[in-house]
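Shown next: query.txt, given as compact mmCIF, C-alpha atoms (C1' of nucleotides).
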# COMPACT_ATOMS: atom_id res chain seq x y z
CA MET A 13 39.33 10.44 8.01
CA GLU A 14 36.31 9.37 9.99
CA PHE A 15 34.13 6.77 8.34
CA ILE A 16 30.49 7.76 8.41
CA SER A 17 27.91 5.12 9.25
CA PRO A 18 25.52 4.18 6.47
CA ASN A 19 22.54 5.32 8.44
CA LYS A 20 23.89 8.87 8.57
CA ILE A 21 24.46 9.23 4.85
CA VAL A 22 21.91 10.54 2.42
CA ILE A 23 22.65 7.66 0.08
CA TYR A 24 21.28 5.32 2.68
CA SER A 25 18.24 7.48 3.17
CA ILE A 26 17.63 6.69 -0.46
CA GLU A 27 17.97 3.03 0.27
CA LEU A 28 15.78 3.24 3.33
CA ALA A 29 13.12 5.14 1.41
CA ILE A 30 12.85 2.62 -1.38
CA LYS A 31 12.90 -0.29 1.03
CA SER A 32 10.19 1.28 3.14
CA TYR A 33 8.06 1.99 0.12
CA ARG A 34 8.44 -1.50 -1.28
CA LYS A 35 7.60 -3.15 1.98
CA PHE A 36 4.58 -0.93 2.42
CA ALA A 37 3.43 -1.46 -1.16
CA GLN A 38 3.91 -5.21 -1.02
CA LYS A 39 1.98 -5.49 2.20
CA ASN A 40 -0.97 -3.57 0.78
CA ILE A 41 -1.04 -5.62 -2.38
CA GLN A 42 -0.89 -8.93 -0.57
CA ARG A 43 -3.73 -7.98 1.69
CA THR A 44 -5.89 -8.46 -1.39
CA VAL A 45 -3.96 -10.71 -3.78
CA ASP A 46 -1.78 -13.25 -2.12
CA ASP A 47 0.27 -14.72 -4.93
CA ILE A 48 1.61 -11.66 -6.69
CA THR A 49 4.47 -9.28 -5.99
CA LEU A 50 4.77 -5.58 -6.71
CA ASP A 51 7.22 -6.22 -9.53
CA GLN A 52 4.99 -8.84 -11.07
CA ALA A 53 1.98 -6.53 -10.84
CA LEU A 54 3.85 -3.63 -12.43
CA LEU A 55 4.92 -5.82 -15.30
CA LEU A 56 1.36 -6.99 -15.89
CA ILE A 57 0.03 -3.46 -15.84
CA LEU A 58 2.66 -2.21 -18.26
CA LEU A 59 1.96 -5.09 -20.58
CA GLN A 60 -1.75 -4.42 -20.52
CA LYS A 61 -1.12 -0.82 -21.44
CA ASP A 62 1.05 -1.89 -24.36
CA PRO A 63 0.79 -5.59 -25.22
CA SER A 64 3.46 -5.28 -27.89
CA LEU A 65 6.24 -4.66 -25.38
CA ASN A 66 8.96 -7.27 -25.42
CA GLN A 67 11.03 -8.39 -22.46
CA MET A 68 13.88 -6.04 -23.19
CA GLN A 69 11.58 -3.07 -23.28
CA LEU A 70 9.85 -4.17 -20.11
CA SER A 71 13.23 -4.57 -18.47
CA LYS A 72 14.19 -1.05 -19.35
CA ILE A 73 11.00 0.50 -18.03
CA LEU A 74 11.22 -1.50 -14.81
CA PHE A 75 14.98 -0.96 -14.34
CA LYS A 76 15.51 -4.70 -14.34
CA ASP A 77 18.20 -6.90 -15.74
CA TYR A 78 16.92 -9.09 -18.58
CA ALA A 79 17.54 -12.17 -16.47
CA ALA A 80 15.42 -10.77 -13.67
CA THR A 81 12.59 -10.03 -16.08
CA THR A 82 12.73 -13.55 -17.45
CA ARG A 83 12.28 -14.90 -13.96
CA ILE A 84 9.51 -12.53 -13.02
CA ILE A 85 7.67 -13.66 -16.13
CA ASP A 86 8.38 -17.30 -15.30
CA LEU A 87 6.50 -16.81 -12.08
CA LEU A 88 3.65 -14.92 -13.71
CA VAL A 89 3.28 -17.80 -16.16
CA LYS A 90 3.54 -20.39 -13.42
CA ASN A 91 0.82 -18.67 -11.42
CA GLY A 92 -1.49 -18.35 -14.40
CA TYR A 93 -1.33 -14.61 -14.92
CA LEU A 94 0.38 -14.70 -18.26
CA SER A 95 1.17 -16.97 -21.16
CA ARG A 96 4.32 -16.92 -23.20
CA THR A 97 4.60 -18.13 -26.78
CA VAL A 98 7.10 -17.58 -29.54
CA HIS A 99 6.51 -14.34 -31.40
CA GLN A 100 5.01 -14.80 -34.84
CA LYS A 101 7.25 -12.38 -36.67
CA ASP A 102 10.46 -12.78 -34.70
CA GLY A 103 11.61 -16.15 -33.47
CA ARG A 104 13.86 -14.65 -30.82
CA ARG A 105 11.06 -12.82 -29.09
CA LYS A 106 8.23 -14.09 -26.94
CA ALA A 107 4.66 -12.97 -27.20
CA LEU A 108 3.21 -12.35 -23.77
CA SER A 109 -0.51 -12.42 -23.25
CA ILE A 110 -2.43 -11.71 -20.14
CA SER A 111 -4.86 -14.35 -18.94
CA PRO A 112 -8.36 -13.62 -17.58
CA LYS A 113 -6.96 -14.09 -14.08
CA GLY A 114 -4.30 -11.53 -14.97
CA THR A 115 -6.87 -9.06 -16.22
CA GLU A 116 -8.93 -9.45 -13.08
CA THR A 117 -5.91 -8.98 -10.88
CA ILE A 118 -4.83 -5.86 -12.70
CA LYS A 119 -8.23 -4.37 -11.99
CA THR A 120 -7.73 -5.09 -8.31
CA VAL A 121 -4.14 -3.98 -7.83
CA LYS A 122 -4.03 -0.88 -10.00
CA PRO A 123 -5.89 1.31 -7.53
CA ILE A 124 -3.89 -0.17 -4.67
CA ILE A 125 -0.63 0.77 -6.33
CA ALA A 126 -1.90 4.24 -7.21
CA ASN A 127 -2.92 4.70 -3.62
CA ASN A 128 0.40 3.44 -2.29
CA ARG A 129 2.22 6.00 -4.37
CA LYS A 130 -0.08 8.74 -3.26
CA THR A 131 0.31 7.84 0.38
CA ALA A 132 4.08 7.61 0.10
CA LEU A 133 4.24 11.16 -1.24
CA ASP A 134 1.72 12.57 1.16
CA GLY A 135 2.61 16.05 2.33
CA LEU A 136 5.20 16.66 -0.39
CA SER A 137 4.41 19.60 -2.62
CA LYS A 138 4.68 19.45 -6.36
CA GLU A 139 7.86 21.50 -6.18
CA GLU A 140 9.37 19.26 -3.57
CA ILE A 141 8.68 16.22 -5.69
CA GLU A 142 10.30 17.92 -8.65
CA THR A 143 13.32 18.83 -6.55
CA LEU A 144 13.58 15.29 -5.27
CA ASP A 145 13.43 13.93 -8.77
CA ARG A 146 16.03 16.36 -10.05
CA LEU A 147 18.48 15.63 -7.25
CA LEU A 148 18.07 11.90 -7.62
CA LYS A 149 18.66 12.07 -11.34
CA LYS A 150 21.79 14.06 -10.68
CA ILE A 151 23.05 11.22 -8.49
CA VAL A 152 22.16 8.71 -11.18
CA SER A 153 24.18 10.61 -13.72
CA ASN A 154 27.10 10.95 -11.31
CA CYS A 155 27.17 7.17 -11.02
CA ASN A 156 27.28 6.54 -14.74
CA MET B 4 -7.52 7.12 -14.18
CA GLU B 5 -4.37 6.78 -16.22
CA PHE B 6 -1.72 4.50 -14.82
CA ILE B 7 1.67 6.15 -14.76
CA SER B 8 4.68 4.14 -15.83
CA PRO B 9 7.23 3.39 -13.12
CA ASN B 10 9.94 5.27 -14.94
CA LYS B 11 7.94 8.49 -14.74
CA ILE B 12 7.36 8.38 -11.02
CA VAL B 13 9.63 9.89 -8.43
CA ILE B 14 9.49 6.70 -6.39
CA TYR B 15 11.22 4.92 -9.19
CA SER B 16 13.81 7.66 -9.45
CA ILE B 17 14.59 6.66 -5.90
CA GLU B 18 14.93 3.08 -6.98
CA LEU B 19 17.02 4.00 -9.99
CA ALA B 20 19.30 6.17 -7.87
CA ILE B 21 20.06 3.50 -5.33
CA LYS B 22 20.53 0.86 -8.01
CA SER B 23 22.88 3.11 -9.93
CA TYR B 24 24.87 3.92 -6.84
CA ARG B 25 25.16 0.30 -5.78
CA LYS B 26 26.26 -0.85 -9.17
CA PHE B 27 28.80 1.94 -9.37
CA ALA B 28 30.08 1.30 -5.84
CA GLN B 29 30.30 -2.44 -6.35
CA LYS B 30 32.24 -2.05 -9.57
CA ASN B 31 34.77 0.25 -7.95
CA ILE B 32 35.25 -2.05 -4.99
CA GLN B 33 35.70 -5.13 -7.11
CA ARG B 34 38.29 -3.45 -9.25
CA THR B 35 40.54 -3.80 -6.21
CA VAL B 36 39.10 -6.59 -4.06
CA ASP B 37 37.42 -9.32 -5.99
CA ASP B 38 35.71 -11.41 -3.34
CA ILE B 39 33.83 -8.85 -1.31
CA THR B 40 30.57 -7.00 -1.82
CA LEU B 41 29.58 -3.51 -0.73
CA ASP B 42 27.32 -4.87 1.98
CA GLN B 43 30.02 -7.15 3.30
CA ALA B 44 32.53 -4.31 3.32
CA LEU B 45 30.16 -1.99 5.16
CA LEU B 46 29.53 -4.60 7.79
CA LEU B 47 33.26 -5.13 8.30
CA ILE B 48 33.90 -1.41 8.61
CA LEU B 49 31.10 -0.93 11.11
CA LEU B 50 32.35 -3.83 13.14
CA GLN B 51 35.87 -2.47 13.20
CA LYS B 52 34.56 0.85 14.44
CA ASP B 53 32.65 -0.89 17.22
CA PRO B 54 33.61 -4.54 17.74
CA SER B 55 30.95 -4.99 20.39
CA LEU B 56 28.10 -4.68 17.91
CA ASN B 57 25.93 -7.75 17.68
CA GLN B 58 24.08 -8.95 14.61
CA MET B 59 20.84 -7.27 15.53
CA GLN B 60 22.54 -3.92 15.93
CA LEU B 61 24.42 -4.37 12.67
CA SER B 62 21.16 -5.25 10.97
CA LYS B 63 19.57 -2.08 12.17
CA ILE B 64 22.40 0.18 11.05
CA LEU B 65 22.54 -1.51 7.65
CA PHE B 66 18.75 -1.65 7.21
CA LYS B 67 18.93 -5.40 6.83
CA ASP B 68 16.72 -8.20 7.99
CA TYR B 69 18.41 -10.37 10.61
CA ALA B 70 18.37 -13.29 8.22
CA ALA B 71 20.16 -11.25 5.59
CA THR B 72 22.81 -10.22 8.09
CA THR B 73 23.36 -13.83 9.12
CA ARG B 74 24.03 -14.73 5.51
CA ILE B 75 26.30 -11.79 4.83
CA ILE B 76 28.33 -12.86 7.84
CA ASP B 77 28.30 -16.47 6.66
CA LEU B 78 30.05 -15.33 3.51
CA LEU B 79 32.51 -13.11 5.34
CA VAL B 80 33.43 -16.07 7.51
CA LYS B 81 33.63 -18.40 4.52
CA ASN B 82 35.96 -16.02 2.74
CA GLY B 83 38.21 -15.55 5.75
CA TYR B 84 37.34 -11.97 6.65
CA LEU B 85 35.71 -12.71 9.95
CA SER B 86 35.37 -15.35 12.60
CA ARG B 87 32.27 -16.08 14.58
CA THR B 88 32.24 -17.66 18.04
CA VAL B 89 29.72 -17.86 20.81
CA HIS B 90 29.67 -14.75 22.98
CA GLN B 91 31.27 -15.21 26.37
CA LYS B 92 28.60 -13.45 28.40
CA ASP B 93 25.52 -14.28 26.39
CA GLY B 94 25.05 -17.67 24.82
CA ARG B 95 22.53 -16.41 22.32
CA ARG B 96 24.90 -13.92 20.79
CA LYS B 97 27.91 -14.42 18.55
CA ALA B 98 31.22 -12.67 18.96
CA LEU B 99 32.51 -11.48 15.60
CA SER B 100 36.17 -10.79 15.14
CA ILE B 101 37.90 -9.43 12.12
CA SER B 102 40.79 -11.44 10.69
CA PRO B 103 44.06 -9.92 9.45
CA LYS B 104 42.75 -10.31 5.92
CA GLY B 105 39.67 -8.41 7.02
CA THR B 106 41.72 -5.62 8.52
CA GLU B 107 43.82 -5.32 5.36
CA THR B 108 40.74 -5.22 3.20
CA ILE B 109 39.09 -2.55 5.29
CA LYS B 110 42.14 -0.38 4.76
CA THR B 111 41.77 -0.83 1.03
CA VAL B 112 38.03 -0.39 0.63
CA LYS B 113 37.36 2.42 3.08
CA PRO B 114 38.76 5.15 0.85
CA ILE B 115 37.05 3.60 -2.16
CA ILE B 116 33.68 3.75 -0.45
CA ALA B 117 34.29 7.28 0.76
CA ASN B 118 35.18 8.28 -2.76
CA ASN B 119 32.13 6.55 -4.23
CA ARG B 120 29.89 8.51 -1.93
CA LYS B 121 31.62 11.74 -2.76
CA THR B 122 31.37 11.12 -6.47
CA ALA B 123 27.72 10.15 -6.25
CA LEU B 124 26.91 13.47 -4.59
CA ASP B 125 29.10 15.57 -6.82
CA GLY B 126 27.55 18.91 -7.65
CA LEU B 127 24.92 18.73 -4.92
CA SER B 128 25.16 21.57 -2.40
CA LYS B 129 24.95 21.01 1.30
CA GLU B 130 21.44 22.45 1.30
CA GLU B 131 20.35 20.21 -1.53
CA ILE B 132 21.63 17.16 0.30
CA GLU B 133 19.74 18.23 3.38
CA THR B 134 16.59 18.77 1.37
CA LEU B 135 16.98 15.39 -0.25
CA ASP B 136 17.41 13.75 3.11
CA ARG B 137 14.42 15.52 4.60
CA LEU B 138 12.12 14.60 1.72
CA LEU B 139 13.24 10.98 1.72
CA LYS B 140 12.66 10.70 5.43
CA LYS B 141 9.20 12.10 4.95
CA ILE B 142 8.50 9.31 2.49
CA VAL B 143 9.86 6.76 4.93
CA SER B 144 7.54 8.00 7.64
CA ASN B 145 4.60 8.02 5.24
CA CYS B 146 5.22 4.34 4.57
CA ASN B 147 5.26 3.34 8.21
C1' DA C 19 24.35 -17.90 -50.29
C1' DC C 20 27.71 -17.62 -46.43
C1' DT C 21 29.80 -15.61 -42.61
C1' DA C 22 29.99 -12.41 -39.02
C1' DT C 23 27.57 -9.59 -36.09
C1' DT C 24 23.75 -8.16 -33.53
C1' DT C 25 19.54 -8.88 -30.96
C1' DA C 26 16.31 -11.37 -27.67
C1' DT C 27 15.92 -14.50 -24.33
C1' DT C 28 17.49 -18.02 -21.19
C1' DT C 29 20.41 -20.42 -17.84
C1' DG C 30 23.76 -20.90 -14.12
C1' DA C 31 25.94 -19.23 -10.20
C1' DT C 32 26.00 -16.42 -6.37
C1' DA C 33 24.31 -12.55 -3.29
C1' DT C 34 20.70 -10.32 -1.11
C1' DA C 35 15.51 -9.51 0.57
C1' DT C 36 11.69 -11.06 3.14
C1' DC C 37 8.71 -13.71 5.87
C1' DA C 38 7.79 -17.44 8.86
C1' DA C 39 9.23 -20.88 11.77
C1' DA C 40 12.78 -23.13 14.57
C1' DT C 41 16.32 -23.08 18.20
C1' DA C 42 18.19 -21.96 22.23
C1' DA C 43 19.79 -18.90 25.78
C1' DA C 44 18.40 -15.16 29.04
C1' DT C 45 15.02 -12.86 31.71
C1' DT C 46 10.69 -12.21 34.14
C1' DA C 47 6.75 -13.64 36.76
C1' DT C 48 4.90 -16.46 39.96
C1' DA D 29 12.96 -23.06 41.16
C1' DT D 30 9.81 -23.55 37.36
C1' DA D 31 7.11 -21.82 33.69
C1' DA D 32 6.23 -18.25 30.49
C1' DT D 33 8.10 -14.70 27.84
C1' DT D 34 11.57 -12.27 25.47
C1' DT D 35 15.84 -11.89 22.91
C1' DA D 36 19.49 -13.36 19.45
C1' DT D 37 20.45 -16.03 15.83
C1' DT D 38 19.59 -19.46 12.34
C1' DT D 39 17.16 -22.05 8.75
C1' DG D 40 13.93 -22.80 4.97
C1' DA D 41 11.44 -21.20 1.20
C1' DT D 42 10.79 -18.06 -2.33
C1' DA D 43 11.70 -13.67 -5.02
C1' DT D 44 14.80 -10.61 -6.94
C1' DA D 45 19.72 -8.66 -8.46
C1' DT D 46 23.74 -9.20 -11.13
C1' DC D 47 27.16 -10.97 -14.09
C1' DA D 48 28.74 -14.12 -17.43
C1' DA D 49 27.94 -17.47 -20.68
C1' DA D 50 24.83 -20.10 -23.71
C1' DT D 51 21.30 -20.36 -27.34
C1' DA D 52 19.20 -19.24 -31.23
C1' DA D 53 17.03 -16.23 -34.52
C1' DA D 54 17.58 -11.99 -37.41
C1' DT D 55 20.35 -8.90 -39.98
C1' DA D 56 24.39 -6.94 -42.32
C1' DG D 57 28.47 -7.41 -45.07
C1' DT D 58 30.73 -9.69 -48.56

Would you mind giving the structure from this file in structure tokens?
Amino acid sequence: MEFISPNKIVIYSIELAIKSYRKFAQKNIQRTVDDITLDQALLLILLQKDPSLNQMQLSKILFKDYAATTRIIDLLVKNGYLSRTVHQKDGRRKALSISPKGTETIKTVKPIIANNRKTALDGLSKEEIETLDRLLKKIVSNCN
Amino acid sequence: MEFISPNKIVIYSIELAIKSYRKFAQKNIQRTVDDITLDQALLLILLQKDPSLNQMQLSKILFKDYAATTRIIDLLVKNGYLSRTVHQKDGRRKALSISPKGTETIKTVKPIIANNRKTALDGLSKEEIETLDRLLKKIVSNCN
DNA sequence: ACTATTTATTTGATATATCAAATAAATTAT
DNA sequence: ATAATTTATTTGATATATCAAATAAATAGT
């Protein structure tokens, strides 16, 4: 049985695609804001949309491990985008609130991210995108 | 303009798919070999197939940064899978050679990886896989 | 009320990702 | 032959991924 090189397997096209997108997206964000990452920006934006989200919920939406989310938030706090205090009603949870700097930054990066996504999908029809999504979700379910 | 949550965007289906696959693959490998990762195993297998590959070439095939490849090799050496010596003809390069332990492990993990890939793509037709690949490569080129 | 269980977050350890800079050998230009 | 450039690898710094274990608050069961 011949072993097939990663770069000839569709699974690694998946990997290449997400890596390419992330690199592209990160570069475009950092052209304008130099101390934030794509993941950090996404978290901020989600939180602005629904400030009641807790870290577990954020983790789920972002496909992150809880530990990873904790550390992304650590950095957002450290860089003054976010503050973290104990939740009033539930001592286990943390209340996250976006600082003025965070709000400003969201305004800046939101259109950049929207544009990145648009550019990445340029030339793909609505049906193609749906097909792509369906096939990928099939793979996800095969791996679970 | 409404911001769309990551989990509703096809780009994040790509991310979810590769994360799911990697987690699945890693779990299956570590059921049998407990001190090797998928990336390390892939590198070993590639190197066995073509022992003359240098780190830059390996990096390219694996879609890794050179620095990442250096560190993956560091661990393979540390764990006794590989040895690294200066290349005879070119003092900048390193000659990588697979140890007996490495050879044994390759024998074990190769079928596991092949099976992981097969399982991940279960139920996708040849045409669907080709479509998937084509669309992903379109995204890659859009991001470059 | 007390104990056991569950839920939310954090911490530690290790692997990988990414960029920039450093090192050093090989090659090219003059 | 020497200097400038290119090529191959490494190192440092920081961010993220993943698993396991720790912490601590909330809830359920008795």

Please identify all polymer residues within 12 Å of region 42-45 of chain C, counting only C-alpha atoms (C1' of nucleotides), omitting same-chain residues fewer than 6 positions from it, and present them as a compact mmCIF listing (two decimals) with C-alpha atoms (C1' of nucleotides), keeping the file's coordinate frame.
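The result, written out as part.txt:
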# COMPACT_ATOMS: atom_id res chain seq x y z
CA VAL B 89 29.72 -17.86 20.81
CA HIS B 90 29.67 -14.75 22.98
CA LYS B 92 28.60 -13.45 28.40
CA ASP B 93 25.52 -14.28 26.39
CA GLY B 94 25.05 -17.67 24.82
CA ARG B 95 22.53 -16.41 22.32
CA ARG B 96 24.90 -13.92 20.79
CA LYS B 97 27.91 -14.42 18.55
C1' DA D 32 6.23 -18.25 30.49
C1' DT D 33 8.10 -14.70 27.84
C1' DT D 34 11.57 -12.27 25.47
C1' DT D 35 15.84 -11.89 22.91
C1' DA D 36 19.49 -13.36 19.45
C1' DT D 37 20.45 -16.03 15.83
C1' DT D 38 19.59 -19.46 12.34

Produce a table with one row for each residue of chain B that has an atom at most 12 Å from any atom of chain D, each row naming the nearest atom pair and its distance in Å at one decimal; use only C-alpha atoms (C1' of nucleotides); arrange rows by chain and rising residue number; format as CSV.
residue,atom,partner,partner_atom,distance
B:Lys22,CA,D:DA45,C1',9.6
B:Arg25,CA,D:DA45,C1',10.8
B:Lys26,CA,D:DT46,C1',8.9
B:Gln29,CA,D:DT46,C1',10.6
B:Lys30,CA,D:DC47,C1',11.2
B:Thr40,CA,D:DT46,C1',11.8
B:Asn57,CA,D:DA36,C1',8.7
B:Gln58,CA,D:DA36,C1',8.0
B:Met59,CA,D:DA36,C1',7.4
B:Gln60,CA,D:DA36,C1',10.5
B:Ser62,CA,D:DT37,C1',11.8
B:Asp68,CA,D:DT37,C1',11.7
B:Tyr69,CA,D:DT37,C1',8.0
B:Ala70,CA,D:DT38,C1',7.5
B:Ala71,CA,D:DT38,C1',10.6
B:Thr72,CA,D:DT37,C1',10.0
B:Thr73,CA,D:DT38,C1',7.5
B:Arg74,CA,D:DT38,C1',9.4
B:Ile76,CA,D:DT37,C1',11.7
B:Asp77,CA,D:DT38,C1',10.8
B:Arg87,CA,D:DT37,C1',11.9
B:Val89,CA,D:DT37,C1',10.7
B:His90,CA,D:DA36,C1',10.9
B:Asp93,CA,D:DA36,C1',9.2
B:Gly94,CA,D:DA36,C1',8.9
B:Arg95,CA,D:DA36,C1',5.2
B:Arg96,CA,D:DA36,C1',5.6
B:Lys97,CA,D:DT37,C1',8.1
B:Ala98,CA,D:DT37,C1',11.7

Specify the axis-aligned box that encloses all atoms of region 37-54 of chain A listed in the file after padding of 5 Å on each side, stating its centre and edge lengths in Å to one decimal as AutoDock Vina command-line options.
--center_x 0.7 --center_y -8.1 --center_z -5.1 --size_x 23.1 --size_y 23.3 --size_z 24.6

- Give as number ranges by chain every residue of chain C that touches chain A within 8 Å, counting only C-alpha atoms (C1' of nucleotides). C: 26-28

Go ahead and write the selection's residues with C-alpha atoms (C1' of nucleotides) as a short mmCIF file (atom, residue, chain, number, x, y, z; two decimals), keeping the file's coordinate frame.
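What landed in part-v1.cif:
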data_model
loop_
_atom_site.label_atom_id
_atom_site.label_comp_id
_atom_site.auth_asym_id
_atom_site.auth_seq_id
_atom_site.Cartn_x
_atom_site.Cartn_y
_atom_site.Cartn_z
"C1'" DA C 26 16.31 -11.37 -27.67
"C1'" DT C 27 15.92 -14.50 -24.33
"C1'" DT C 28 17.49 -18.02 -21.19
#

For chain A against chain B, which residues fall within 7 Å using all atoms listed in the file, given as a PDB file with C-alpha atoms, in the coordinates of the input?
ATOM      1  CA  PRO A  18      25.520   4.180   6.470  1.00  0.00           C
ATOM      2  CA  ASN A  19      22.540   5.320   8.440  1.00  0.00           C
ATOM      3  CA  VAL A  22      21.910  10.540   2.420  1.00  0.00           C
ATOM      4  CA  SER A  25      18.240   7.480   3.170  1.00  0.00           C
ATOM      5  CA  ILE A  26      17.630   6.690  -0.460  1.00  0.00           C
ATOM      6  CA  GLU A  27      17.970   3.030   0.270  1.00  0.00           C
ATOM      7  CA  LEU A  28      15.780   3.240   3.330  1.00  0.00           C
ATOM      8  CA  ALA A  29      13.120   5.140   1.410  1.00  0.00           C
ATOM      9  CA  ILE A  30      12.850   2.620  -1.380  1.00  0.00           C
ATOM     10  CA  SER A  32      10.190   1.280   3.140  1.00  0.00           C
ATOM     11  CA  TYR A  33       8.060   1.990   0.120  1.00  0.00           C
ATOM     12  CA  PHE A  36       4.580  -0.930   2.420  1.00  0.00           C
ATOM     13  CA  ILE A  73      11.000   0.500 -18.030  1.00  0.00           C
ATOM     14  CA  LEU A  74      11.220  -1.500 -14.810  1.00  0.00           C
ATOM     15  CA  PHE A  75      14.980  -0.960 -14.340  1.00  0.00           C
ATOM     16  CA  THR A 131       0.310   7.840   0.380  1.00  0.00           C
ATOM     17  CA  ALA A 132       4.080   7.610   0.100  1.00  0.00           C
ATOM     18  CA  LEU A 133       4.240  11.160  -1.240  1.00  0.00           C
ATOM     19  CA  ASP A 134       1.720  12.570   1.160  1.00  0.00           C
ATOM     20  CA  ILE A 141       8.680  16.220  -5.690  1.00  0.00           C
ATOM     21  CA  LEU A 144      13.580  15.290  -5.270  1.00  0.00           C
ATOM     22  CA  ASP A 145      13.430  13.930  -8.770  1.00  0.00           C
ATOM     23  CA  LEU A 148      18.070  11.900  -7.620  1.00  0.00           C
ATOM     24  CA  LYS A 149      18.660  12.070 -11.340  1.00  0.00           C
ATOM     25  CA  ILE A 151      23.050  11.220  -8.490  1.00  0.00           C
ATOM     26  CA  VAL A 152      22.160   8.710 -11.180  1.00  0.00           C
ATOM     27  CA  ASN A 154      27.100  10.950 -11.310  1.00  0.00           C
ATOM     28  CA  CYS A 155      27.170   7.170 -11.020  1.00  0.00           C
TER      29      CYS A 155
END

- Suppose you want the space between CA of Leu79 (chain B) and CA of Lys110 (chain B); what is it in Å?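 Separation of CA of Leu79 (chain B) and CA of Lys110 (chain B): 16.0 Å.
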
- Separation of CA of Asn127 (chain A) from CA of Ile41 (chain A), in Å and rounded to one decimal: 10.6 Å

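The spacing separating CA of Ile124 (chain A) from CA of Arg43 (chain A) amounts to 10.1 Å.
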